[in-house]
Each structure stands twice: as C-alpha cells, then as structure tokens.
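Undergrad: Input protein19.csv, format and content: CSV, C-alpha atoms and all ligand atoms.
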```csv
chain,number,residue,atom,x,y,z
O,6,MET,CA,20.4,-26.0,-4.0
O,7,THR,CA,21.4,-25.3,-7.5
O,8,PRO,CA,19.0,-23.2,-9.7
O,9,GLY,CA,16.3,-25.5,-11.1
O,10,ALA,CA,17.0,-28.3,-8.7
O,11,GLN,CA,13.6,-27.7,-7.1
O,12,ASN,CA,11.9,-28.3,-10.4
O,13,ARG,CA,14.0,-31.3,-11.3
O,14,THR,CA,13.2,-33.0,-8.0
O,15,LEU,CA,9.4,-32.2,-7.9
O,16,LEU,CA,8.1,-35.5,-9.3
O,17,VAL,CA,4.4,-35.0,-8.4
O,18,SER,CA,2.6,-31.7,-8.0
O,19,GLN,CA,1.5,-30.2,-4.8
O,20,ILE,CA,-2.2,-30.7,-4.1
O,21,LYS,CA,-4.8,-28.2,-3.1
O,22,ASP,CA,-6.9,-30.2,-0.7
O,23,GLY,CA,-6.5,-33.8,0.6
O,24,THR,CA,-4.1,-36.1,2.3
O,25,VAL,CA,-0.4,-36.7,1.6
O,26,ILE,CA,1.1,-39.9,3.0
O,27,ASP,CA,4.8,-39.2,3.0
O,28,HIS,CA,7.9,-41.1,4.1
O,29,ILE,CA,6.4,-44.5,3.2
O,30,THR,CA,9.0,-47.3,3.2
O,31,ALA,CA,10.4,-47.4,-0.4
O,32,GLY,CA,8.5,-49.9,-2.5
O,33,GLU,CA,5.4,-50.2,-0.3
O,34,ALA,CA,3.1,-47.5,-1.8
O,35,LEU,CA,0.9,-50.1,-3.6
O,36,ASN,CA,0.6,-52.2,-0.4
O,37,VAL,CA,-0.4,-49.0,1.4
O,38,LEU,CA,-3.2,-48.3,-1.1
O,39,THR,CA,-4.4,-51.9,-0.8
O,40,ILE,CA,-4.5,-51.7,3.0
O,41,LEU,CA,-6.4,-48.4,2.8
O,42,GLY,CA,-8.8,-50.1,0.4
O,43,ILE,CA,-8.3,-47.5,-2.4
O,44,ALA,CA,-6.5,-49.6,-4.9
O,45,GLY,CA,-8.1,-51.0,-8.0
O,46,THR,CA,-11.3,-49.4,-9.1
O,47,THR,CA,-11.5,-46.1,-7.4
O,48,THR,CA,-12.8,-42.7,-8.1
O,49,GLU,CA,-10.1,-41.0,-6.0
O,50,SER,CA,-7.5,-38.7,-7.6
O,51,LEU,CA,-4.3,-40.4,-6.7
O,52,SER,CA,-0.6,-39.5,-7.2
O,53,ILE,CA,1.9,-42.1,-6.4
O,54,ALA,CA,5.7,-41.6,-6.3
O,55,THR,CA,7.9,-44.6,-5.6
O,56,ASN,CA,11.6,-44.8,-4.8
O,57,VAL,CA,12.1,-41.1,-4.7
O,58,ALA,CA,15.3,-39.6,-3.1
O,59,SER,CA,14.7,-38.8,0.6
O,60,GLY,CA,17.4,-36.7,2.2
O,61,ARG,CA,20.3,-38.7,3.4
O,62,GLU,CA,18.2,-41.8,4.4
O,63,GLY,CA,17.8,-43.0,0.9
O,64,ARG,CA,14.5,-43.6,-0.8
O,65,LYS,CA,10.8,-43.4,0.1
O,66,ASP,CA,7.4,-43.6,-1.5
O,67,ILE,CA,4.7,-40.9,-1.4
O,68,VAL,CA,0.9,-41.2,-1.9
O,69,LYS,CA,-1.3,-38.2,-2.5
O,70,ILE,CA,-5.1,-38.4,-2.3
O,71,GLU,CA,-6.9,-35.4,-3.5
O,72,ARG,CA,-10.1,-34.0,-2.0
O,73,ARG,CA,-10.2,-36.6,0.8
O,74,GLU,CA,-9.0,-36.2,4.4
O,75,LEU,CA,-8.1,-39.6,5.9
O,76,ARG,CA,-8.5,-39.9,9.6
O,77,LYS,CA,-5.5,-41.0,11.6
O,78,GLU,CA,-7.3,-44.2,12.7
O,79,GLU,CA,-7.8,-45.2,9.1
O,80,VAL,CA,-4.2,-44.6,8.3
O,81,ASP,CA,-2.6,-46.2,11.4
O,82,ARG,CA,-3.0,-49.7,9.9
O,83,ILE,CA,-0.3,-48.9,7.3
O,84,ALA,CA,2.2,-48.6,10.2
O,85,LEU,CA,2.6,-52.4,9.9
O,86,ILE,CA,4.5,-51.9,6.6
O,87,ALA,CA,5.4,-48.2,6.7
O,88,PRO,CA,6.2,-47.4,10.3
O,89,HIS,CA,7.9,-44.1,9.5
O,90,ALA,CA,5.0,-42.7,7.4
O,91,THR,CA,3.6,-39.3,8.1
O,92,ILE,CA,0.0,-38.2,7.3
O,93,ASN,CA,-0.2,-34.6,6.1
O,94,ILE,CA,-3.7,-33.0,5.8
O,95,ILE,CA,-3.7,-30.3,3.1
O,96,ARG,CA,-6.1,-27.4,2.9
O,97,ASP,CA,-5.8,-24.7,0.3
O,98,TYR,CA,-2.2,-25.9,-0.5
O,99,GLU,CA,-1.1,-25.6,3.2
O,100,VAL,CA,-0.1,-28.5,5.5
O,101,VAL,CA,-2.6,-28.0,8.3
O,102,GLU,CA,-1.9,-31.2,10.2
O,103,LYS,CA,1.0,-33.6,10.3
O,104,LYS,CA,1.0,-36.8,12.3
O,105,GLY,CA,3.0,-40.0,12.5
O,106,VAL,CA,1.4,-43.4,12.4
O,107,THR,CA,1.0,-45.7,15.4
O,108,ILE,CA,0.7,-49.4,15.1
O,109,PRO,CA,-2.8,-50.4,16.4
O,110,ARG,CA,-3.1,-53.1,19.1
O,111,VAL,CA,-5.4,-55.2,16.9
O,112,ILE,CA,-5.6,-55.3,13.1
O,113,ARG,CA,-8.9,-56.3,11.6
O,114,ALA,CA,-9.7,-57.3,8.0
O,115,VAL,CA,-6.3,-56.4,6.7
O,116,VAL,CA,-4.3,-59.6,6.7
O,117,LYS,CA,-5.5,-63.1,5.9
O,118,CYS,CA,-4.7,-65.9,8.3
O,119,PRO,CA,-2.2,-68.4,6.8
O,120,ASN,CA,-4.0,-71.3,8.6
O,121,PRO,CA,-6.4,-72.8,6.0
O,122,GLY,CA,-8.5,-74.3,8.9
O,123,CYS,CA,-8.9,-70.9,10.6
O,124,ILE,CA,-12.5,-69.9,11.1
O,125,SER,CA,-11.7,-66.5,9.6
O,126,ASN,CA,-11.0,-68.3,6.3
O,127,ALA,CA,-14.3,-70.2,6.3
O,128,SER,CA,-17.2,-68.8,4.3
O,129,GLU,CA,-18.6,-67.3,7.5
O,130,PRO,CA,-18.8,-63.5,7.6
O,131,ILE,CA,-15.9,-63.3,10.0
O,132,GLU,CA,-13.3,-60.6,9.6
O,133,SER,CA,-9.7,-61.6,10.3
O,134,ALA,CA,-8.3,-60.2,13.6
O,135,PHE,CA,-4.7,-60.2,14.7
O,136,GLU,CA,-3.1,-59.0,17.8
O,137,VAL,CA,0.1,-57.0,17.1
O,138,LEU,CA,2.9,-58.5,19.2
O,139,PRO,CA,6.7,-57.6,19.1
O,140,LYS,CA,7.4,-60.9,17.3
O,141,GLY,CA,4.6,-60.7,14.8
O,142,LEU,CA,0.9,-60.9,14.2
O,143,HIS,CA,-1.1,-63.4,16.4
O,144,CYS,CA,-4.4,-64.6,15.0
O,145,LEU,CA,-7.1,-64.1,17.6
O,146,TYR,CA,-9.1,-67.0,16.3
O,147,CYS,CA,-6.6,-69.9,15.8
O,148,ASP,CA,-3.4,-68.8,17.5
O,149,TRP,CA,-1.3,-68.9,14.4
O,150,MET,CA,1.5,-66.3,14.0
O,151,ILE,CA,2.6,-64.3,11.0
O,152,THR,CA,6.2,-63.5,11.8
O,153,LYS,CA,7.6,-62.3,8.5
O,154,ASP,CA,6.6,-60.7,5.2
O,155,ILE,CA,3.3,-59.2,6.4
O,156,ALA,CA,2.7,-57.5,3.1
O,157,SER,CA,2.3,-60.9,1.3
O,158,HIS,CA,-0.6,-61.8,3.7
O,159,ILE,CA,-2.6,-58.6,2.9
O,160,ILE,CA,-6.1,-59.5,1.9
N,201,LIG,N1,2.5,-31.4,-0.1
N,201,LIG,C1,1.7,-31.5,-1.2
N,201,LIG,N2,0.8,-30.5,-1.5
N,201,LIG,C2,0.8,-29.4,-0.7
N,201,LIG,C3,1.7,-29.3,0.4
N,201,LIG,C4,2.5,-30.3,0.7
N,201,LIG,O1,1.7,-32.5,-1.9
N,201,LIG,N3,0.0,-28.4,-1.0
N,201,LIG,C5,3.4,-32.6,0.3
N,201,LIG,C6,4.9,-32.2,0.2
N,201,LIG,O2,5.3,-32.4,-1.1
N,201,LIG,C7,5.5,-33.3,1.1
N,201,LIG,C8,4.4,-33.4,2.2
N,201,LIG,O3,3.2,-32.9,1.6
N,201,LIG,O4,5.7,-34.5,0.5
N,201,LIG,C9,4.6,-32.7,3.5
N,201,LIG,O5,4.8,-31.3,3.2
N,201,LIG,P1,5.8,-30.4,4.1
N,201,LIG,O6,5.4,-30.5,5.5
N,201,LIG,O7,5.7,-29.0,3.5
N,201,LIG,O8,7.2,-31.0,3.7
N,201,LIG,P2,8.4,-31.4,4.7
N,201,LIG,O9,8.7,-30.2,5.6
N,201,LIG,O10,9.5,-31.9,3.8
N,201,LIG,O11,7.8,-32.6,5.5
N,201,LIG,P3,8.5,-33.5,6.6
N,201,LIG,O12,9.1,-32.6,7.6
N,201,LIG,O13,7.4,-34.4,7.1
N,201,LIG,O14,9.6,-34.3,5.8
N,202,ZN,ZN,-6.3,-67.8,12.2
```
Any chance you could give the structure as structure tokens?
TA:
Amino acid sequence: MTPGAQNRTLLVSQIKDGTVIDHITAGEALNVLTILGIAGTTTESLSIATNVASGREGRKDIVKIERRELRKEEVDRIALIAPHATINIIRDYEVVEKKGVTIPRVIRAVVKCPNPGCISNASEPIESAFEVLPKGLHCLYCDWMITKDIASHII
C-alpha cells in the first residue's frame, strides 16, 4: 500500500461500539436498512457507505450502527438481498464477533404478497409469511410465488 492509501480509502470512521454490516451487495444498503426497520425516522447513529471498492471482487456497501448490537436472528433476514454480508460486533473498537448471514426458512413481515386478494393484504392484522424456496419466495397464505426482484416487494 502506498503511503496515505489507508486514509484515502477510509470512507467512514471506525466505530467504538455497535454493529458493522459489511460485504453487503453493492447498492443494497438502503434496502438492508428497510428490512432491519431502521430506515426513516430513527434515533440510531448510522454510517452508510455504498459502492466502495472491495478487494478484487468489485464493489460493496457497508452499514455501521453505533451503540447497538444486532442479534444474528435479526440480521439473517437481509440474506435475501445480501447473501455475502458479514455481521461484525464491535466493542471498544475491536471486532469481538464476526458472522455470516444465513437465509431463514420462513420470512415474516418483510415482503408484501403481490396477490391483491391475499389475506395478508387485507386489513386484518396478519403479517406476511413466505417460505424461502430455491426458486423464490412462496406465500404461506395464498401460494403465490415471488421469483425475482425481491427488494421491490419489501414492505
Ligand atoms: N470496523 C469498524 N470499527 C471498528 C472495527 C472495525 O467500523 N472499530 C469495520 C471495518 O471497517 C470493517 C468491518 O468492521 O468494515 C470488519 O472489520 P475487520 O474484521 O477488522 O475487517 P476485515 O478483516 O477486512 O473484515 P473481513 O475479513 O470480514 O473482510
Ligand atoms: Zn399471499
């Protein structure tokens, strides 16, 4: 590395305590925040970097959430759109835990069923529920499938 290269590539600061979601598929950081329910009005301290250089593989997004440790189960739902993401728990500037994300078997209250007649779209207090299959997401209420562009169906 040439002198100064470290500073030139450090887009967002290191954090003291919290969660770093790294290696997010380039361009998906905002969808990741939506899925985690921390977009919009929030009191979290967030840093977001999009389309940053990532080794030889190209580009990635990074999300840093200060003073909050996300549990793996909370973060796993992002595996739908960012299957290579890693969750790093930071304490006193050190990475104390690093885990990949695993796609859950059932995804609840994340994606909206595209079938207007689906009971999960009625005014009933029913959360959407999809079974994750190799060919896509299968609605557990009406049998419809979402086979592409899952991000556009996020609630
Ligand atoms: N990080 C941070 N604040 C810290 C420590 C780490 O924001 N106090 C970030 C790093 O910038 C990086 C991620 O957390 O984006 C993981 O850190 P680290 O494991 O040190 O980096 P790498 O070894 O490059 O991670 P990987 O092997 O997962 O690519
Ligand atoms: Zn449905």
Undergrad: Considering all atoms listed in the file, can you say which of O:Thr24, O:Gly63, O:Ser52, O:Arg113 comes closest to Leu75 of chain O?
TA: O:Thr24
Undergrad: For a test of reading the model, state the distance in Å between atom CA of Ala156 of chain O and atom CA of Asn93 of chain O, rounded to one decimal.
TA: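 Interatomic distance here is 23.3 Å.
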Undergrad: Here is a test: counting only C-alpha atoms, which residue of O:Ile20, O:Ile95, O:Val80, O:Ile40 is nearest to His158 of chain O?
TA: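 Looking at the shortest contact to His158 of chain O, the residue is O:Ile40.
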Undergrad: I want to know what sits within 12 Å of Ile67 of chain O, based on all atoms listed in the file, with residues of the same chain fewer than 3 positions away left out; could you give that as a PDB file with C-alpha atoms, keeping the file's coordinate frame?
TA:
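Written output follows (result.pdb):
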```
ATOM      1  CA  LEU O  15       9.400 -32.200  -7.900  1.00  0.00           C
ATOM      2  CA  LEU O  16       8.100 -35.500  -9.300  1.00  0.00           C
ATOM      3  CA  VAL O  17       4.400 -35.000  -8.400  1.00  0.00           C
ATOM      4  CA  SER O  18       2.600 -31.700  -8.000  1.00  0.00           C
ATOM      5  CA  GLN O  19       1.500 -30.200  -4.800  1.00  0.00           C
ATOM      6  CA  THR O  24      -4.100 -36.100   2.300  1.00  0.00           C
ATOM      7  CA  VAL O  25      -0.400 -36.700   1.600  1.00  0.00           C
ATOM      8  CA  ILE O  26       1.100 -39.900   3.000  1.00  0.00           C
ATOM      9  CA  ASP O  27       4.800 -39.200   3.000  1.00  0.00           C
ATOM     10  CA  HIS O  28       7.900 -41.100   4.100  1.00  0.00           C
ATOM     11  CA  ILE O  29       6.400 -44.500   3.200  1.00  0.00           C
ATOM     12  CA  THR O  30       9.000 -47.300   3.200  1.00  0.00           C
ATOM     13  CA  ALA O  31      10.400 -47.400  -0.400  1.00  0.00           C
ATOM     14  CA  GLY O  32       8.500 -49.900  -2.500  1.00  0.00           C
ATOM     15  CA  GLU O  33       5.400 -50.200  -0.300  1.00  0.00           C
ATOM     16  CA  ALA O  34       3.100 -47.500  -1.800  1.00  0.00           C
ATOM     17  CA  LEU O  35       0.900 -50.100  -3.600  1.00  0.00           C
ATOM     18  CA  VAL O  37      -0.400 -49.000   1.400  1.00  0.00           C
ATOM     19  CA  LEU O  38      -3.200 -48.300  -1.100  1.00  0.00           C
ATOM     20  CA  LEU O  51      -4.300 -40.400  -6.700  1.00  0.00           C
ATOM     21  CA  SER O  52      -0.600 -39.500  -7.200  1.00  0.00           C
ATOM     22  CA  ILE O  53       1.900 -42.100  -6.400  1.00  0.00           C
ATOM     23  CA  ALA O  54       5.700 -41.600  -6.300  1.00  0.00           C
ATOM     24  CA  THR O  55       7.900 -44.600  -5.600  1.00  0.00           C
ATOM     25  CA  ASN O  56      11.600 -44.800  -4.800  1.00  0.00           C
ATOM     26  CA  VAL O  57      12.100 -41.100  -4.700  1.00  0.00           C
ATOM     27  CA  ALA O  58      15.300 -39.600  -3.100  1.00  0.00           C
ATOM     28  CA  SER O  59      14.700 -38.800   0.600  1.00  0.00           C
ATOM     29  CA  ARG O  64      14.500 -43.600  -0.800  1.00  0.00           C
ATOM     30  CA  ILE O  70      -5.100 -38.400  -2.300  1.00  0.00           C
ATOM     31  CA  ALA O  87       5.400 -48.200   6.700  1.00  0.00           C
ATOM     32  CA  HIS O  89       7.900 -44.100   9.500  1.00  0.00           C
ATOM     33  CA  ALA O  90       5.000 -42.700   7.400  1.00  0.00           C
ATOM     34  CA  THR O  91       3.600 -39.300   8.100  1.00  0.00           C
ATOM     35  CA  ILE O  92       0.000 -38.200   7.300  1.00  0.00           C
ATOM     36  CA  ASN O  93      -0.200 -34.600   6.100  1.00  0.00           C
TER      37      ASN O  93
END
```
Undergrad: Can you work out which residues are within 7 Å of ligand ZN 202 (chain N), considering only C-alpha atoms and all ligand atoms, and then hand them over as a ChimeraX atom specification?
TA: /O:118-120,123-125,144-149
Undergrad: Show which residues sit within 8 Å of Asp81 of chain O, as JSON, numbers by chain. Count only C-alpha atoms, and ignore same-chain residues fewer than 5 positions away.
TA: {"O": [106, 107, 108, 109]}
Undergrad: Just the residues within 10 Å of Val111 of chain O, please, counting all atoms listed in the file, with nothing from its chain fewer than 3 positions along; format it as a list of chain:residue names.
TA: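 Here the answer would be O:Arg82, O:Ile108, O:Ala134, O:Phe135, O:Glu136, O:Val137, O:Leu138, O:Leu142, O:His143, O:Cys144, O:Leu145.
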Undergrad: Which of these, O:Lys21, O:Lys104, O:Arg73, O:Arg61, has the shortest distance to ligand LIG 201 (chain N) once you count only C-alpha atoms and all ligand atoms?
TA: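 The shortest atom-to-atom distance to ligand LIG 201 (chain N) comes from O:Lys21.
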Undergrad: What does the structure give for the distance between atom O2 of ligand LIG 201 (chain N) and atom CA of Leu85 of chain O, in Å to one decimal?
TA: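 Going from atom O2 of ligand LIG 201 (chain N) over to atom CA of Leu85 of chain O covers 23.0 Å.
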Undergrad: What would segment 139-150 of chain O look like with all heavy atoms in place, written as an mmCIF file, in the frame of the given file?
TA:
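Result written to part_36.cif:
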```cif
data_model
loop_
_atom_site.group_PDB
_atom_site.id
_atom_site.type_symbol
_atom_site.label_atom_id
_atom_site.label_comp_id
_atom_site.auth_asym_id
_atom_site.auth_seq_id
_atom_site.Cartn_x
_atom_site.Cartn_y
_atom_site.Cartn_z
ATOM 1 N N PRO O 139 5.304 -57.974 19.530
ATOM 2 C CA PRO O 139 6.700 -57.600 19.100
ATOM 3 C C PRO O 139 7.202 -58.665 18.057
ATOM 4 O O PRO O 139 7.897 -58.311 17.128
ATOM 5 C CB PRO O 139 7.488 -57.641 20.351
ATOM 6 C CG PRO O 139 6.508 -57.396 21.448
ATOM 7 C CD PRO O 139 5.204 -58.002 20.998
ATOM 8 N N LYS O 140 6.848 -59.948 18.229
ATOM 9 C CA LYS O 140 7.400 -60.900 17.300
ATOM 10 C C LYS O 140 6.552 -61.199 16.080
ATOM 11 O O LYS O 140 6.916 -62.009 15.225
ATOM 12 C CB LYS O 140 7.737 -62.240 18.044
ATOM 13 C CG LYS O 140 6.577 -62.866 18.741
ATOM 14 C CD LYS O 140 6.993 -64.176 19.413
ATOM 15 C CE LYS O 140 5.757 -64.788 20.011
ATOM 16 N NZ LYS O 140 5.720 -65.357 21.208
ATOM 17 N N GLY O 141 5.435 -60.530 15.956
ATOM 18 C CA GLY O 141 4.600 -60.700 14.800
ATOM 19 C C GLY O 141 3.138 -60.509 15.031
ATOM 20 O O GLY O 141 2.741 -59.945 16.047
ATOM 21 N N LEU O 142 2.310 -61.033 14.103
ATOM 22 C CA LEU O 142 0.900 -60.900 14.200
ATOM 23 C C LEU O 142 0.285 -62.242 14.713
ATOM 24 O O LEU O 142 0.570 -63.293 14.141
ATOM 25 C CB LEU O 142 0.235 -60.548 12.878
ATOM 26 C CG LEU O 142 0.713 -59.250 12.231
ATOM 27 C CD1 LEU O 142 -0.011 -59.024 10.905
ATOM 28 C CD2 LEU O 142 0.505 -58.065 13.159
ATOM 29 N N HIS O 143 -0.540 -62.175 15.735
ATOM 30 C CA HIS O 143 -1.100 -63.400 16.400
ATOM 31 C C HIS O 143 -2.588 -63.436 16.061
ATOM 32 O O HIS O 143 -3.335 -62.516 16.422
ATOM 33 C CB HIS O 143 -0.833 -63.246 17.886
ATOM 34 C CG HIS O 143 -1.530 -64.264 18.700
ATOM 35 N ND1 HIS O 143 -2.318 -63.953 19.783
ATOM 36 C CD2 HIS O 143 -1.557 -65.605 18.591
ATOM 37 C CE1 HIS O 143 -2.803 -65.062 20.308
ATOM 38 N NE2 HIS O 143 -2.361 -66.073 19.598
ATOM 39 N N CYS O 144 -3.011 -64.499 15.364
ATOM 40 C CA CYS O 144 -4.400 -64.600 15.000
ATOM 41 C C CYS O 144 -5.272 -64.828 16.261
ATOM 42 O O CYS O 144 -4.988 -65.703 17.073
ATOM 43 C CB CYS O 144 -4.647 -65.809 14.040
ATOM 44 S SG CYS O 144 -6.396 -66.032 13.607
ATOM 45 N N LEU O 145 -6.307 -64.016 16.410
ATOM 46 C CA LEU O 145 -7.100 -64.100 17.600
ATOM 47 C C LEU O 145 -8.105 -65.277 17.552
ATOM 48 O O LEU O 145 -8.721 -65.627 18.548
ATOM 49 C CB LEU O 145 -7.913 -62.793 17.810
ATOM 50 C CG LEU O 145 -7.063 -61.576 18.175
ATOM 51 C CD1 LEU O 145 -7.927 -60.342 18.345
ATOM 52 C CD2 LEU O 145 -6.266 -61.838 19.454
ATOM 53 N N TYR O 146 -8.236 -65.897 16.375
ATOM 54 C CA TYR O 146 -9.100 -67.000 16.300
ATOM 55 C C TYR O 146 -8.445 -68.379 16.419
ATOM 56 O O TYR O 146 -8.981 -69.295 17.013
ATOM 57 C CB TYR O 146 -9.873 -66.998 14.908
ATOM 58 C CG TYR O 146 -10.812 -65.829 14.812
ATOM 59 C CD1 TYR O 146 -10.483 -64.710 14.070
ATOM 60 C CD2 TYR O 146 -12.026 -65.841 15.505
ATOM 61 C CE1 TYR O 146 -11.352 -63.627 14.001
ATOM 62 C CE2 TYR O 146 -12.885 -64.762 15.446
ATOM 63 C CZ TYR O 146 -12.549 -63.663 14.694
ATOM 64 O OH TYR O 146 -13.392 -62.597 14.643
ATOM 65 N N CYS O 147 -7.240 -68.527 15.825
ATOM 66 C CA CYS O 147 -6.600 -69.900 15.800
ATOM 67 C C CYS O 147 -5.240 -69.918 16.425
ATOM 68 O O CYS O 147 -4.622 -70.974 16.441
ATOM 69 C CB CYS O 147 -6.584 -70.407 14.387
ATOM 70 S SG CYS O 147 -5.283 -69.646 13.386
ATOM 71 N N ASP O 148 -4.719 -68.787 16.888
ATOM 72 C CA ASP O 148 -3.400 -68.800 17.500
ATOM 73 C C ASP O 148 -2.201 -68.834 16.580
ATOM 74 O O ASP O 148 -1.066 -68.817 17.046
ATOM 75 C CB ASP O 148 -3.253 -69.921 18.546
ATOM 76 C CG ASP O 148 -3.696 -69.487 19.934
ATOM 77 O OD1 ASP O 148 -3.987 -68.288 20.097
ATOM 78 O OD2 ASP O 148 -3.734 -70.328 20.844
ATOM 79 N N TRP O 149 -2.414 -68.933 15.269
ATOM 80 C CA TRP O 149 -1.300 -68.900 14.400
ATOM 81 C C TRP O 149 -0.580 -67.572 14.413
ATOM 82 O O TRP O 149 -1.204 -66.546 14.736
ATOM 83 C CB TRP O 149 -1.693 -69.250 12.926
ATOM 84 C CG TRP O 149 -1.784 -70.731 12.642
ATOM 85 C CD1 TRP O 149 -2.288 -71.686 13.459
ATOM 86 C CD2 TRP O 149 -1.373 -71.397 11.434
ATOM 87 N NE1 TRP O 149 -2.231 -72.919 12.841
ATOM 88 C CE2 TRP O 149 -1.675 -72.783 11.610
ATOM 89 C CE3 TRP O 149 -0.800 -70.985 10.233
ATOM 90 C CZ2 TRP O 149 -1.409 -73.725 10.621
ATOM 91 C CZ3 TRP O 149 -0.546 -71.934 9.255
ATOM 92 C CH2 TRP O 149 -0.836 -73.282 9.449
ATOM 93 N N MET O 150 0.707 -67.567 14.053
ATOM 94 C CA MET O 150 1.500 -66.300 14.000
ATOM 95 C C MET O 150 1.961 -66.039 12.616
ATOM 96 O O MET O 150 2.350 -66.952 11.894
ATOM 97 C CB MET O 150 2.728 -66.442 14.916
ATOM 98 C CG MET O 150 2.497 -66.509 16.410
ATOM 99 S SD MET O 150 2.153 -64.903 17.167
ATOM 100 C CE MET O 150 3.552 -63.923 16.634
#
```
